[in-house]
Each structure stands twice: as structure tokens, then as C-alpha cells.
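What follows is a single structure, written as C-alpha cells, with notes after it.
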Amino acid sequence: MHFKALLLSAPVVLANVYTIDVGESPLTFSPKTISAKVGDTVIFHLYSSHDVAQGSFDKPCQPLSGGFYSGPFSGTDNGNKKFVMNVTSTDPIYFYCAVQKHCPNGMVGGINIPSGDKSIEAYASAAKAATPSAPASLSGGKLETDQELAALTASASATASASRSASGSASTGAASGTPAASGSSKPSGSATAAASGTASAKASSTGAADALIASQGYGIVAAAFGVVAWFL
Ligand SMILES: [Cu+2]
């Protein structure tokens with residue numbers, strides 16, 4: 001099962017970068033909610049004079065201990081610096097504007113928010129009666145200029161392609177170290193490549209994974225036989 005763990009840990013999806021406008025149209029986050037994966041980046045673009053703080057469903061308009069906070073709008077060089085945070089969990093994240101009564105007046109949003117009784121509408125509804133408070137200082141992210149963000153986006157792409165190469169090599173490594181390939185049917189193109197050790201990072205990792213799964217449980221002799229049979 002060792003190589004199965006390798007397959008499961010191979011990252012095959014790209015990191016996404018989301019931008020949420022904070023108060024561009026008054027008392028709203030836009031978009032109000034997003035779905036994001038671990039590894040994704042969220043950029044909050046603050047407009048005068050709003051901010052964003054992570055809260056919790058149970059205590060609307062109150063800071064979550066250990067949560068993120070952009071700091072006040074005054075720290076953003078008139079909105080030129082954006083607050084950037086990384087998604088490190090797929091648990092629901094509720095956030096709100098901590099300025100004055102913006103939160104009770106509906107300025108809330110979230111990431112990976114469920115439907116039902118903990119929906120963003122339910123959070124907004126509970127917030128109406130809440131007494132808002134703001135965190136003490138910036139936490140859980142950082143303020144970046146557009147120039148710094150451009151570098152971040154470029155490095156996100158670089159990381160993504162590095163991940164793709166890494167998963168390609170991981171699959172290849174698993175294939176050559178593991179009894180593999182089917183003796184009962186013709187190996188697919190990917191299986192042939194993997195068994196003969198010539199799979200490159202260009203091979204689709206999904207294809208390689210499929211081939212490995214399809215060939216699980218057979219001996220390397222069978223792999224050799226399969227390769228020979230393929231050429232006959
Ligand atoms: Cu606000």
C-alpha cells in the first residue's frame with residue numbers, strides 16, 4: 001500500500017487565487033462567498049474605509065481567536081496594498097467587516113460556507129443583533145502591493161508546474177519500484193511507458209495513476225511479458 005499513499009499525495013490540481021472586493025459597493029463583500037481548496041490564495045481588496053476580520057458562526061461580528069485580520073483601511077496605502085491570506089483548511093471560514101456597525105448591517109462573507117443552518121444568510125441574520133468588535137492588529141496574512149502580488153501569482157504558477165513534475169516523477173518511481181502491469185490484457189500506452197522506465201513528466205499524471213491502479217497486483221515479470229506481447 002506504500003505506493004498507493006504516494007498516488008494519493010500526488011498533487012494534480014492547480015492552486016487558485018481569488019480576489020474579494022471589500023466595500024467597493026457599500027457594506028458588501030464581492031463575491032460574498034467562495035469555495036476554495038487548501039493551498040489557494042485569497043486577496044482582499046479593501047475600499048475606504050472597510051476591513052476584514054475572521055469570525056466564527058457562533059459569535060457573529062466578533063474576532064475568532066487565531067483568525068486573520070487585515071488591519072484597518074488606513075494601513076493599506078489608500079487600498080493600494082491588498083490583504084492576502086492562504087487557505088490552510090477546508091473548514092468553513094466566516095468573515096466580517098469590523099468597522100462600526102457594518103457587520104450587523106450585513107457586511108459578512110465566507111469561504112467554504114455550507115448551506116442550511118450555518119449558511120451565510122444565517123450568519124448575516126444572527127449578526128444583526130451582535131455587538132461588533134475589531135481585532136487588535138493585523139494577523140493571519142499580509143499586506144501586499146500589486147507588484148508583490150504579481151510575483152506571488154507567478155510563483156504560484158511555478159509551484160503548480162513544479163508539483164506537476166513532482167507528481168509525474170513520483171508516479172514513475174512508484175511504477176519502477178512496484179510489481180506492475182497487466183498480464184491478462186494488452187497494457188495501455190502509459191502502462192508500457194511506465195513499465196519500461198521511460199515515462200516522462202509529460203505523461204498525464206491521471207493517465208499514469210490509472211495505469212498503475214489498473215496494473216496493481218501483478219508481477220514485474222508479467223510487466224515484461226506484457227511489454228513484449230505489446231510489440232509482437
Ligand atoms: Cu465595512
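The way I read the labels, and the way they are meant: chains A, B, ... in the order of the C-alpha cells, residue 1 as the first residue of every chain, and ligand 1 as the first ligand shown, with later ones counted on from there.
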Which protein, DNA or RNA residues have an atom within 12 Å of ligand 1, counting only C-alpha atoms and all ligand atoms, as a PyMOL selection string?
chain A and resi 21-29+45-53+61+70+72-73+95-109+132+134
* Asked: Can you tell me, as a ChimeraX atom specification, what residues are no more than 12 Å from Gly66 in chain A when counting only C-alpha atoms, ignoring any on the same chain fewer than 6 positions away?
  -> /A:53-56,135-141
Between CA of Gly67 in chain A and CA of Lys142 in chain A, what is the spacing in Å?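 Straight-line distance from CA of Lys142 in chain A to CA of Gly67 in chain A works out to 12.8 Å.
Rounded to one decimal, CA of Leu64 in chain A and CA of Gly110 in chain A lie 13.2 Å from each other.
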Using only C-alpha atoms, the shortest atom-to-atom distance to Leu14 in chain A among A:Gly39, A:Gly75, A:Gly116, A:Pro31 belongs to A:Gly39
